[in-house]
>>> print(open('data_12.txt').read())   # compact mmCIF, C-alpha atoms (C1' of nucleotides)
# COMPACT_ATOMS: atom_id res chain seq x y z
CA MET M 1 -13.49 49.52 -8.71
CA SER M 2 -14.77 45.98 -8.32
CA ASP M 3 -15.55 44.39 -5.00
CA ARG M 4 -12.38 42.43 -4.90
CA THR M 5 -10.02 45.24 -5.70
CA LYS M 6 -11.04 47.49 -2.86
CA LYS M 7 -8.22 48.56 -0.70
CA ARG M 8 -7.56 46.10 2.06
CA LEU M 9 -9.20 47.33 5.21
CA PRO M 10 -7.47 47.43 8.58
CA PHE M 11 -8.78 45.12 11.27
CA LEU M 12 -11.59 46.74 13.20
CA GLU M 13 -12.36 46.44 16.84
CA ASP M 14 -14.04 43.25 17.91
CA THR M 15 -17.73 44.03 18.26
CA SER M 16 -18.86 41.01 20.22
CA HIS M 17 -22.49 40.48 20.99
CA PRO M 18 -22.78 38.13 23.94
CA HIS M 19 -26.40 37.31 23.14
CA SER M 20 -26.10 36.78 19.39
CA LYS M 21 -25.75 33.34 17.89
CA PHE M 22 -22.19 33.99 16.83
CA TYR M 23 -20.13 35.68 19.45
CA HIS M 24 -17.38 37.39 17.49
CA ARG M 25 -17.58 39.77 14.58
CA LYS M 26 -14.79 41.32 12.58
CA GLU M 27 -14.00 42.96 9.26
CA VAL M 28 -11.00 41.52 7.46
CA PRO M 29 -9.32 42.53 4.19
CA ALA M 30 -9.19 40.41 1.03
CA GLY M 31 -6.51 37.75 1.14
CA THR M 32 -6.87 37.04 4.86
CA VAL M 33 -6.16 33.45 5.80
CA LEU M 34 -8.73 32.18 8.31
CA ILE M 35 -7.58 28.56 8.55
CA ARG M 36 -4.27 27.38 7.15
CA GLU M 37 -3.70 23.98 5.55
CA GLY M 38 -1.98 21.70 8.07
CA GLU M 39 -3.20 23.60 11.11
CA ILE M 40 -5.99 22.51 13.42
CA ALA M 41 -9.16 24.57 13.05
CA LYS M 42 -10.27 26.33 16.22
CA LYS M 43 -13.04 28.49 14.77
CA ALA M 44 -16.12 28.16 12.58
CA PHE M 45 -17.18 31.19 10.56
CA LEU M 46 -20.36 32.71 9.25
CA ILE M 47 -20.10 35.19 6.40
CA GLU M 48 -22.12 38.37 6.85
CA LYS M 49 -20.55 40.06 3.83
CA GLY M 50 -17.91 39.01 1.35
CA CYS M 51 -16.52 35.96 -0.39
CA ILE M 52 -14.20 33.19 0.71
CA ARG M 53 -12.41 30.37 -1.07
CA ALA M 54 -11.08 27.02 0.13
CA TRP M 55 -7.91 25.84 -1.61
CA VAL M 56 -5.29 23.13 -1.45
CA ASN M 57 -1.62 23.39 -2.23
CA ASN M 58 -0.60 21.19 -5.14
CA ASN M 59 3.11 21.35 -5.98
CA GLY M 60 3.32 24.98 -4.99
CA ARG M 61 0.19 26.04 -6.85
CA ASP M 62 -3.03 26.75 -5.08
CA ILE M 63 -6.05 24.89 -6.35
CA THR M 64 -9.42 26.32 -5.32
CA PHE M 65 -12.20 23.82 -4.83
CA GLN M 66 -14.93 25.74 -3.08
CA PHE M 67 -16.38 29.25 -2.75
CA PHE M 68 -18.50 30.64 0.05
CA PHE M 69 -20.67 33.76 0.13
CA GLU M 70 -23.03 35.70 2.37
CA ASN M 71 -24.92 33.72 5.03
CA GLU M 72 -22.87 30.58 4.53
CA ALA M 73 -21.03 28.77 7.30
CA VAL M 74 -17.38 27.97 6.72
CA SER M 75 -14.95 25.78 8.59
CA SER M 76 -12.60 22.90 8.04
CA SER M 77 -15.17 20.55 9.48
CA GLU M 78 -13.03 17.43 9.79
CA SER M 79 -10.21 19.39 11.38
CA PHE M 80 -12.71 21.05 13.65
CA ARG M 81 -14.46 17.85 14.69
CA LYS M 82 -11.48 15.58 15.10
CA ASN M 83 -8.62 17.92 15.97
CA ILE M 84 -6.69 16.85 12.92
CA PRO M 85 -4.72 19.09 10.53
CA SER M 86 -6.90 20.84 7.96
CA LEU M 87 -6.64 19.50 4.41
CA PHE M 88 -7.04 23.00 3.01
CA THR M 89 -6.65 26.73 3.51
CA ILE M 90 -9.61 29.05 3.95
CA GLU M 91 -8.95 32.56 2.65
CA THR M 92 -11.00 35.64 1.95
CA VAL M 93 -11.32 36.70 -1.70
CA GLU M 94 -13.03 40.00 -0.94
CA PRO M 95 -12.92 42.14 2.19
CA CYS M 96 -15.30 40.33 4.54
CA ILE M 97 -17.43 40.86 7.59
CA LEU M 98 -17.33 37.64 9.54
CA HIS M 99 -18.88 36.15 12.63
CA TRP M 100 -17.25 33.24 14.31
CA ILE M 101 -17.47 30.93 17.23
CA TYR M 102 -14.62 29.14 18.94
CA LYS M 103 -14.55 25.38 18.95
CA LYS M 104 -14.75 25.22 22.73
CA ASP M 105 -18.00 27.19 22.66
CA LEU M 106 -19.47 24.97 19.98
CA GLU M 107 -18.26 21.76 21.51
CA THR M 108 -21.53 21.17 23.26
CA VAL M 109 -23.11 20.66 19.85
CA VAL M 110 -20.71 17.94 18.87
CA GLU M 111 -20.89 16.30 22.25
CA ASP M 112 -24.65 16.34 22.30
CA VAL M 113 -24.76 14.55 18.97
CA SER M 114 -22.96 11.62 20.52
CA LYS M 115 -25.38 11.68 23.44
CA LEU M 116 -28.37 11.28 21.17
CA PRO M 117 -30.01 7.87 21.04
CA ASN M 118 -27.84 5.45 19.16
CA LEU M 119 -29.57 5.57 15.80
CA LYS M 120 -29.78 9.34 15.65
CA SER M 121 -26.17 9.70 16.62
CA LYS M 122 -25.11 7.20 13.98
CA ALA M 123 -27.19 8.93 11.34
CA ILE M 124 -25.64 12.32 11.98
CA ILE M 125 -22.11 10.98 12.25
CA SER M 126 -22.53 9.13 8.98
CA VAL M 127 -23.50 12.41 7.33
CA PHE M 128 -20.25 13.95 8.55
CA GLU M 129 -18.28 10.98 7.26
CA ARG M 130 -19.99 11.05 3.90
CA GLN M 131 -19.31 14.75 3.56
CA TYR M 132 -15.64 14.18 4.24
CA GLN M 133 -15.50 11.51 1.54
CA TYR M 134 -17.24 13.73 -0.99
CA MET M 135 -14.83 16.53 -0.22
CA ARG M 136 -11.76 14.36 -0.62
CA GLN M 137 -13.07 12.96 -3.87
CA LEU M 138 -13.78 16.47 -5.10
CA ILE M 139 -10.29 17.64 -4.18
CA SER M 140 -8.88 14.68 -6.07
CA PHE M 141 -10.76 15.82 -9.17
CA VAL M 142 -9.31 19.31 -9.02
CA ILE M 143 -5.72 18.32 -8.27
CA ASP M 144 -5.15 14.89 -9.85
CA THR M 145 -5.11 13.54 -13.38
CA PRO M 146 -7.24 10.45 -14.09
CA GLU M 147 -4.07 8.34 -13.97
CA GLN M 148 -3.17 9.73 -10.54
CA ARG M 149 -6.70 9.08 -9.31
CA TYR M 150 -6.42 5.50 -10.51
CA LEU M 151 -3.09 5.00 -8.75
CA LYS M 152 -4.46 6.48 -5.53
CA LEU M 153 -7.47 4.20 -5.73
CA LEU M 154 -5.19 1.21 -6.24
CA LEU M 155 -3.19 2.24 -3.19
CA GLU M 156 -5.89 3.52 -0.86
CA LYS M 157 -8.97 1.52 -1.79
CA PRO M 158 -7.83 -1.67 -3.52
CA HIS M 159 -11.10 -3.34 -2.54
CA ILE M 160 -12.87 -1.12 -5.06
CA ILE M 161 -10.54 -2.29 -7.84
CA ARG M 162 -11.05 -5.90 -6.78
CA ARG M 163 -14.78 -5.89 -6.36
CA VAL M 164 -16.16 -3.42 -8.89
CA PRO M 165 -16.33 -3.87 -12.70
CA LEU M 166 -14.02 -1.60 -14.68
CA GLN M 167 -16.83 0.21 -16.45
CA TYR M 168 -18.12 1.55 -13.13
CA ILE M 169 -14.66 2.47 -11.85
CA ALA M 170 -13.97 4.35 -15.07
CA THR M 171 -16.84 6.79 -14.70
CA TYR M 172 -16.08 7.10 -10.99
CA LEU M 173 -12.60 8.31 -12.00
CA GLY M 174 -14.14 10.67 -14.56
CA VAL M 175 -13.03 8.82 -17.70
CA THR M 176 -14.45 6.36 -20.21
CA PRO M 177 -13.92 2.60 -19.85
CA VAL M 178 -11.71 2.74 -22.94
CA SER M 179 -9.49 5.34 -21.36
CA LEU M 180 -9.24 3.47 -18.05
CA SER M 181 -8.19 0.39 -19.95
CA ARG M 182 -5.37 2.39 -21.54
CA ILE M 183 -4.37 3.81 -18.16
CA ARG M 184 -4.16 0.33 -16.67
CA LYS M 185 -1.94 -0.82 -19.50
CA ARG M 186 0.30 2.25 -19.17
CA VAL M 187 0.57 1.80 -15.42
CA SER M 188 1.27 -1.94 -15.54
CA THR M 189 4.18 -1.45 -17.94
CA MET M 190 5.91 1.13 -15.76
CA MET D 1 -16.31 -17.11 -9.56
CA SER D 2 -15.84 -13.58 -8.25
CA ASP D 3 -18.13 -11.98 -5.70
CA ARG D 4 -19.99 -9.99 -8.28
CA THR D 5 -20.64 -12.82 -10.66
CA LYS D 6 -22.44 -15.06 -8.20
CA LYS D 7 -25.86 -16.10 -9.34
CA ARG D 8 -28.46 -13.56 -8.39
CA LEU D 9 -30.19 -14.69 -5.26
CA PRO D 10 -33.97 -14.69 -4.84
CA PHE D 11 -35.45 -12.33 -2.28
CA LEU D 12 -35.50 -13.88 1.17
CA GLU D 13 -38.08 -13.48 3.84
CA ASP D 14 -38.01 -10.30 5.81
CA THR D 15 -36.29 -11.09 9.08
CA SER D 16 -37.23 -8.01 11.08
CA HIS D 17 -35.80 -7.48 14.51
CA PRO D 18 -38.00 -4.99 16.36
CA HIS D 19 -35.28 -4.21 18.86
CA SER D 20 -32.33 -3.81 16.48
CA LYS D 21 -31.17 -0.43 15.27
CA PHE D 22 -32.33 -1.12 11.74
CA TYR D 23 -35.69 -2.76 11.55
CA HIS D 24 -35.61 -4.54 8.22
CA ARG D 25 -33.11 -6.98 6.81
CA LYS D 26 -33.05 -8.58 3.38
CA GLU D 27 -30.75 -10.27 0.90
CA VAL D 28 -30.93 -8.89 -2.61
CA PRO D 29 -29.17 -9.93 -5.83
CA ALA D 30 -26.61 -7.87 -7.73
CA GLY D 31 -28.15 -5.21 -9.91
CA THR D 32 -31.03 -4.46 -7.54
CA VAL D 33 -32.17 -0.84 -7.65
CA LEU D 34 -32.78 0.48 -4.14
CA ILE D 35 -33.61 4.08 -5.00
CA ARG D 36 -34.26 5.23 -8.55
CA GLU D 37 -33.23 8.60 -9.96
CA GLY D 38 -36.23 10.91 -10.00
CA GLU D 39 -38.11 9.07 -7.26
CA ILE D 40 -38.45 10.19 -3.67
CA ALA D 41 -36.39 8.14 -1.22
CA LYS D 42 -38.40 6.46 1.49
CA LYS D 43 -35.68 4.28 3.00
CA ALA D 44 -32.14 4.58 4.32
CA PHE D 45 -29.91 1.51 4.12
CA LEU D 46 -27.05 0.00 6.05
CA ILE D 47 -24.88 -2.54 4.25
CA GLU D 48 -24.17 -5.70 6.23
CA LYS D 49 -22.56 -7.43 3.26
CA GLY D 50 -21.96 -6.44 -0.34
CA CYS D 51 -21.26 -3.42 -2.50
CA ILE D 52 -23.44 -0.63 -3.84
CA ARG D 53 -22.95 2.17 -6.36
CA ALA D 54 -24.64 5.51 -6.84
CA TRP D 55 -24.98 6.64 -10.45
CA VAL D 56 -26.53 9.34 -12.56
CA ASN D 57 -27.94 9.03 -16.05
CA ASN D 58 -26.09 11.20 -18.56
CA ASN D 59 -27.50 11.01 -22.09
CA GLY D 60 -28.44 7.39 -21.66
CA ARG D 61 -25.15 6.33 -20.10
CA ASP D 62 -24.82 5.66 -16.44
CA ILE D 63 -22.05 7.51 -14.66
CA THR D 64 -21.04 6.12 -11.27
CA PHE D 65 -19.86 8.64 -8.72
CA GLN D 66 -19.81 6.75 -5.45
CA PHE D 67 -19.31 3.26 -4.02
CA PHE D 68 -20.47 1.92 -0.68
CA PHE D 69 -19.34 -1.18 1.19
CA GLU D 70 -19.92 -3.08 4.42
CA ASN D 71 -21.03 -1.05 7.46
CA GLU D 72 -21.72 2.06 5.45
CA ALA D 73 -25.03 3.90 5.45
CA VAL D 74 -26.58 4.69 2.09
CA SER D 75 -29.47 6.88 1.08
CA SER D 76 -30.30 9.76 -1.18
CA SER D 77 -30.03 12.14 1.72
CA GLU D 78 -31.43 15.25 0.07
CA SER D 79 -34.36 13.31 -1.36
CA PHE D 80 -34.86 11.71 2.01
CA ARG D 81 -34.69 14.93 4.00
CA LYS D 82 -36.70 17.19 1.74
CA ASN D 83 -39.04 14.84 -0.13
CA ILE D 84 -37.58 15.86 -3.44
CA PRO D 85 -36.73 13.56 -6.38
CA SER D 86 -33.41 11.79 -6.01
CA LEU D 87 -30.59 13.06 -8.21
CA PHE D 88 -29.24 9.56 -8.63
CA THR D 89 -29.92 5.83 -8.62
CA ILE D 90 -28.65 3.54 -5.88
CA GLU D 91 -27.99 0.02 -7.11
CA THR D 92 -26.28 -3.10 -5.76
CA VAL D 93 -23.10 -4.18 -7.52
CA GLU D 94 -22.79 -7.47 -5.63
CA PRO D 95 -25.48 -9.55 -3.96
CA CYS D 96 -26.08 -7.70 -0.69
CA ILE D 97 -27.42 -8.20 2.79
CA LEU D 98 -29.07 -4.94 3.75
CA HIS D 99 -30.74 -3.39 6.74
CA TRP D 100 -33.01 -0.44 6.28
CA ILE D 101 -35.26 1.91 8.07
CA TYR D 102 -38.26 3.72 6.66
CA LYS D 103 -38.26 7.48 6.56
CA LYS D 104 -41.27 7.69 8.85
CA ASP D 105 -39.40 5.73 11.51
CA LEU D 106 -36.33 7.92 11.19
CA GLU D 107 -38.26 11.13 11.02
CA THR D 108 -37.85 11.77 14.71
CA VAL D 109 -34.15 12.23 14.06
CA VAL D 110 -34.66 14.95 11.52
CA GLU D 111 -37.38 16.60 13.54
CA ASP D 112 -35.30 16.58 16.66
CA VAL D 113 -32.50 18.35 14.89
CA SER D 114 -34.79 21.27 14.28
CA LYS D 115 -35.80 21.22 17.94
CA LEU D 116 -32.22 21.61 19.07
CA PRO D 117 -31.15 25.03 20.31
CA ASN D 118 -30.85 27.41 17.41
CA LEU D 119 -27.11 27.27 16.94
CA LYS D 120 -26.88 23.50 17.07
CA SER D 121 -29.72 23.13 14.64
CA LYS D 122 -28.10 25.58 12.25
CA ALA D 123 -24.76 23.85 12.49
CA ILE D 124 -26.17 20.45 11.63
CA ILE D 125 -28.35 21.77 8.83
CA SER D 126 -25.38 23.58 7.34
CA VAL D 127 -23.49 20.29 7.26
CA PHE D 128 -26.33 18.75 5.27
CA GLU D 129 -26.34 21.68 2.89
CA ARG D 130 -22.60 21.57 2.43
CA GLN D 131 -22.72 17.87 1.72
CA TYR D 132 -25.34 18.44 -0.94
CA GLN D 133 -23.16 21.05 -2.62
CA TYR D 134 -20.09 18.81 -2.56
CA MET D 135 -22.11 16.01 -4.08
CA ARG D 136 -23.49 18.16 -6.87
CA GLN D 137 -20.05 19.51 -7.63
CA LEU D 138 -18.66 15.98 -7.69
CA ILE D 139 -21.40 14.80 -10.04
CA SER D 140 -20.59 17.71 -12.30
CA PHE D 141 -16.98 16.54 -12.47
CA VAL D 142 -17.96 13.03 -13.51
CA ILE D 143 -20.59 14.00 -16.08
CA ASP D 144 -19.55 17.38 -17.50
CA THR D 145 -16.62 18.68 -19.54
CA PRO D 146 -14.82 21.78 -18.23
CA GLU D 147 -16.67 23.85 -20.82
CA GLN D 148 -20.03 22.50 -19.63
CA ARG D 149 -19.08 23.21 -16.03
CA TYR D 150 -18.22 26.78 -17.00
CA LEU D 151 -21.53 27.25 -18.80
CA LYS D 152 -23.43 25.85 -15.83
CA LEU D 153 -21.57 28.16 -13.50
CA LEU D 154 -22.41 31.10 -15.74
CA LEU D 155 -26.07 30.10 -15.67
CA GLU D 156 -26.51 28.91 -12.10
CA LYS D 157 -23.99 30.93 -10.11
CA PRO D 158 -23.17 34.07 -12.07
CA HIS D 159 -22.15 35.81 -8.85
CA ILE D 160 -19.09 33.56 -8.75
CA ILE D 161 -18.08 34.66 -12.24
CA ARG D 162 -18.66 38.28 -11.29
CA ARG D 163 -16.91 38.32 -7.96
CA VAL D 164 -14.06 35.84 -8.20
CA PRO D 165 -10.81 36.25 -10.19
CA LEU D 166 -10.47 33.93 -13.19
CA GLN D 167 -7.44 32.13 -11.82
CA TYR D 168 -9.48 30.83 -8.87
CA ILE D 169 -12.47 29.89 -11.00
CA ALA D 170 -10.20 27.95 -13.34
CA THR D 171 -8.92 25.55 -10.71
CA TYR D 172 -12.42 25.29 -9.26
CA LEU D 173 -13.54 24.02 -12.67
CA GLY D 174 -10.59 21.65 -12.79
CA VAL D 175 -8.58 23.43 -15.50
CA THR D 176 -5.68 25.88 -15.77
CA PRO D 177 -6.27 29.61 -16.10
CA VAL D 178 -4.94 29.40 -19.65
CA SER D 179 -7.52 26.79 -20.54
CA LEU D 180 -10.37 28.72 -18.94
CA SER D 181 -9.37 31.74 -20.96
CA ARG D 182 -9.66 29.64 -24.12
CA ILE D 183 -13.01 28.26 -23.00
CA ARG D 184 -14.35 31.78 -22.45
CA LYS D 185 -13.25 32.80 -25.92
CA ARG D 186 -14.78 29.68 -27.48
CA VAL D 187 -18.05 30.22 -25.62
CA SER D 188 -18.29 33.93 -26.39
CA THR D 189 -17.97 33.33 -30.13
CA MET D 190 -20.77 30.78 -30.30
C1' DT U 1 -0.47 60.47 -15.00
C1' DA U 2 3.32 57.42 -15.10
C1' DA U 3 5.54 53.23 -13.53
C1' DA U 4 5.31 48.73 -11.80
C1' DG U 5 3.13 44.70 -10.88
C1' DT U 6 -0.45 41.55 -11.58
C1' DT U 7 -3.85 39.21 -14.26
C1' DC U 8 -5.59 37.68 -18.44
C1' DT U 9 -5.09 36.41 -23.25
C1' DT U 10 -2.90 34.45 -27.18
C1' DA U 11 0.29 31.33 -29.67
C1' DT U 12 2.88 27.00 -30.23
C1' DC U 13 3.64 22.42 -29.45
C1' DC U 14 2.67 18.03 -27.23
C1' DT U 15 -0.03 14.54 -25.07
C1' DA U 16 -4.03 12.28 -22.94
C1' DT U 17 -8.72 11.43 -23.54
C1' DG U 18 -13.09 10.98 -26.33
C1' DT U 19 -15.29 8.52 -30.09
C1' DT U 20 -16.18 4.70 -32.88
C1' DA U 21 -15.47 0.19 -34.27
C1' DA U 22 -13.23 -4.26 -34.33
C1' DT U 23 -11.20 -7.91 -31.63
C1' DT U 24 -10.19 -10.57 -27.67
C1' DT U 25 -11.26 -12.14 -23.21
C1' DT U 26 -14.27 -13.34 -19.62
C1' DA U 27 -18.62 -14.72 -17.69
C1' DA U 28 -23.43 -16.60 -17.95
C1' DT U 29 -26.59 -19.97 -19.73
C1' DA U 30 -28.28 -23.95 -21.86
C1' DT K 1 -18.84 -28.43 -22.54
C1' DA K 2 -20.65 -25.54 -26.11
C1' DT K 3 -23.09 -21.38 -27.07
C1' DT K 4 -24.17 -16.86 -26.30
C1' DA K 5 -23.74 -12.59 -24.18
C1' DA K 6 -21.21 -9.15 -21.80
C1' DA K 7 -17.03 -6.87 -20.62
C1' DA K 8 -12.49 -5.40 -21.54
C1' DT K 9 -8.87 -4.36 -24.76
C1' DT K 10 -6.86 -2.46 -28.80
C1' DA K 11 -6.53 0.53 -32.93
C1' DA K 12 -7.24 4.88 -35.56
C1' DC K 13 -8.41 9.41 -35.68
C1' DA K 14 -9.88 13.99 -33.92
C1' DT K 15 -9.67 17.34 -30.30
C1' DA K 16 -9.43 19.63 -25.79
C1' DG K 17 -6.36 20.69 -22.34
C1' DG K 18 -1.40 21.08 -20.18
C1' DA K 19 3.01 23.56 -20.36
C1' DT K 20 5.62 27.34 -21.51
C1' DA K 21 6.46 31.84 -23.10
C1' DA K 22 5.27 36.29 -24.91
C1' DG K 23 2.17 40.04 -25.25
C1' DA K 24 -1.94 42.82 -23.89
C1' DA K 25 -5.03 44.61 -20.51
C1' DC K 26 -6.02 45.94 -16.15
C1' DT K 27 -4.85 47.57 -11.12
C1' DT K 28 -2.32 49.53 -7.78
C1' DT K 29 0.87 52.71 -6.17
C1' DA K 30 3.54 56.61 -6.15
>>> encode(input="data_12.txt", output="structure tokens")
Amino acid sequence: MSDRTKKRLPFLEDTSHPHSKFYHRKEVPAGTVLIREGEIAKKAFLIEKGCIRAWVNNNGRDITFQFFFENEAVSSSESFRKNIPSLFTIETVEPCILHWIYKKDLETVVEDVSKLPNLKSKAIISVFERQYQYMRQLISFVIDTPEQRYLKLLLEKPHIIRRVPLQYIATYLGVTPVSLSRIRKRVSTM
Amino acid sequence: MSDRTKKRLPFLEDTSHPHSKFYHRKEVPAGTVLIREGEIAKKAFLIEKGCIRAWVNNNGRDITFQFFFENEAVSSSESFRKNIPSLFTIETVEPCILHWIYKKDLETVVEDVSKLPNLKSKAIISVFERQYQYMRQLISFVIDTPEQRYLKLLLEKPHIIRRVPLQYIATYLGVTPVSLSRIRKRVSTM
DNA sequence: TAAAGTTCTTATCCTATGTTAATTTTAATA
DNA sequence: TATTAAAATTAACATAGGATAAGAACTTTA
């Protein structure tokens, strides 16, 4: 019997350790949804044991774009930081032992960042922003075709189309310049 | 004449402002390399004016995976943080006005993170780590075929292959389960 | 062990992209 | 403005991947 086909375990008692770094600990079965797409994340998780995936719904099919394993931290960081709906669902793939902390308990971290001297604060915030952009770009690669990525770029970031040579945009979209040229022709005659 | 086809400007004098957030300011022509793939980043940049791309060399061809514009911060953050060779080149697409700070001047930021209480430090470091993973995954999408991504996964993260059902791995690689099944067959008979 | 359900594989057909090369268009330089 | 160079488009061909459906293999449950 492989790890992932073990019988789903019942929830165990909460075995909180008030002095540990993460305050809550629980075993959950495979297939447990920790954060659901569209909801606002209230917890951040640390995986003691098990495997988790992050996925987005694309026309009714779930598209996985990230896996997490032991000793990795997992949360929908933009949702968590900004109180906005999560772009994706976080779900266990195997039965897991998880630690988590509630947003309110972690909030001091986020607040303190903004209290740092200006430059430091800016530096850390820019890392968060960059991460968010990378994630969105990655999700676009797993759910969209090159043509869809081009159309999104045209709609969402027209300044890139205007200011950047086609050859660079092509590779950015994951295709050759020749193919992007064909896509543009196809799109313009629609 | 479009922005990007303006004549390349000569380097101007350094107009440092000791009391500004970023200490150095310079105009550079289009096509200027700010950080070269394989070198260790010593500076972080802020774009006052212009456009920058990040690209990786793939068999002699450059593959762009990110653009940066006005008021965005740019650096090879892993190279910067860990003194390791940069995975990519950072190059101006248009003539740019840039501000930068040297690593040694910013080092207090990074150091201070590690002096934060344990949990805060861990949280911020995990954001850096996550960003690095997103970036690598993104680069893999722009430079590799699905088959190459599968082979890399097999080599670099065999635990994912072992522990995760094929249907999830397929979408993670950007293909359908049917296609991944074909790829596995193709690969196993080589 | 048998039955049912799920996951994975295989087959067919179609289409979009890669590759290479030639041509046209646009931009840079004298 | 003329010349040259670079970038973008187009054409032709080969191929990998998407969609759908059917079959095989594997798991779970009774």
>>> closest_atom_pairs(input="data_12.txt", of="chain D", to="chain K", cutoff="12 Å", atoms="all atoms listed in the file", output="JSON lines")
{"residue": "D:Thr5", "atom": "CA", "partner": "K:DA6", "partner_atom": "C1'", "distance": 11.7}
{"residue": "D:Thr145", "atom": "CA", "partner": "K:DA16", "partner_atom": "C1'", "distance": 9.6}
{"residue": "D:Pro146", "atom": "CA", "partner": "K:DG17", "partner_atom": "C1'", "distance": 9.5}
{"residue": "D:Glu147", "atom": "CA", "partner": "K:DA16", "partner_atom": "C1'", "distance": 9.7}
{"residue": "D:Gly174", "atom": "CA", "partner": "K:DG17", "partner_atom": "C1'", "distance": 10.5}
{"residue": "D:Val175", "atom": "CA", "partner": "K:DG17", "partner_atom": "C1'", "distance": 7.7}
{"residue": "D:Thr176", "atom": "CA", "partner": "K:DG18", "partner_atom": "C1'", "distance": 7.8}
{"residue": "D:Pro177", "atom": "CA", "partner": "K:DG18", "partner_atom": "C1'", "distance": 10.6}
{"residue": "D:Val178", "atom": "CA", "partner": "K:DG18", "partner_atom": "C1'", "distance": 9.1}
{"residue": "D:Ser179", "atom": "CA", "partner": "K:DG17", "partner_atom": "C1'", "distance": 6.5}
{"residue": "D:Leu180", "atom": "CA", "partner": "K:DG17", "partner_atom": "C1'", "distance": 9.6}
{"residue": "D:Ser181", "atom": "CA", "partner": "K:DG17", "partner_atom": "C1'", "distance": 11.5}
{"residue": "D:Arg182", "atom": "CA", "partner": "K:DG17", "partner_atom": "C1'", "distance": 9.7}
{"residue": "D:Ile183", "atom": "CA", "partner": "K:DA16", "partner_atom": "C1'", "distance": 9.8}
{"residue": "D:Arg186", "atom": "CA", "partner": "K:DA16", "partner_atom": "C1'", "distance": 11.5}
>>> residues_near_point(input="data_12.txt", point="(-21.1, 40.3, -1.0)", cutoff="9 Å", atoms="all atoms listed in the file", output="PDB file with C-alpha atoms, in the coordinates of the input")
ATOM      1  CA  ASP M   3     -15.550  44.390  -5.000  1.00  0.00           C
ATOM      2  CA  GLU M  48     -22.120  38.370   6.850  1.00  0.00           C
ATOM      3  CA  LYS M  49     -20.550  40.060   3.830  1.00  0.00           C
ATOM      4  CA  GLY M  50     -17.910  39.010   1.350  1.00  0.00           C
ATOM      5  CA  CYS M  51     -16.520  35.960  -0.390  1.00  0.00           C
ATOM      6  CA  PHE M  69     -20.670  33.760   0.130  1.00  0.00           C
ATOM      7  CA  GLU M  70     -23.030  35.700   2.370  1.00  0.00           C
ATOM      8  CA  GLU M  94     -13.030  40.000  -0.940  1.00  0.00           C
ATOM      9  CA  PRO M  95     -12.920  42.140   2.190  1.00  0.00           C
ATOM     10  CA  CYS M  96     -15.300  40.330   4.540  1.00  0.00           C
TER      11      CYS M  96
ATOM     12  CA  ARG D 163     -16.910  38.320  -7.960  1.00  0.00           C
TER      13      ARG D 163
END
>>> interface_residues(input="data_12.txt", of="chain U", to="chain M", cutoff="12 Å", atoms="only C-alpha atoms (C1' of nucleotides)", output="VMD selection string")
chain U and resid 6 16 to 20 26
>>> interface_residues(input="data_12.txt", of="chain D", to="chain M", cutoff="6 Å", atoms="all atoms listed in the file", output="list in words")
Ile63, Thr64, Phe65, Val109, Lys120, Gln131, Leu138, Val142, Tyr168, Thr171, Tyr172 and Gly174 of chain D
>>> write_last_selection(input="data_12.txt", atoms="C-alpha atoms", output="short mmCIF file (atom, residue, chain, number, x, y, z; two decimals), in the coordinates of the input")
data_model
loop_
_atom_site.label_atom_id
_atom_site.label_comp_id
_atom_site.auth_asym_id
_atom_site.auth_seq_id
_atom_site.Cartn_x
_atom_site.Cartn_y
_atom_site.Cartn_z
CA ILE D 63 -22.05 7.51 -14.66
CA THR D 64 -21.04 6.12 -11.27
CA PHE D 65 -19.86 8.64 -8.72
CA VAL D 109 -34.15 12.23 14.06
CA LYS D 120 -26.88 23.50 17.07
CA GLN D 131 -22.72 17.87 1.72
CA LEU D 138 -18.66 15.98 -7.69
CA VAL D 142 -17.96 13.03 -13.51
CA TYR D 168 -9.48 30.83 -8.87
CA THR D 171 -8.92 25.55 -10.71
CA TYR D 172 -12.42 25.29 -9.26
CA GLY D 174 -10.59 21.65 -12.79
#
>>> atom_distance(input="data_12.txt", atom1="atom CA of Lys104 of chain M", atom2="atom CA of Lys26 of chain M")
19.0 Å
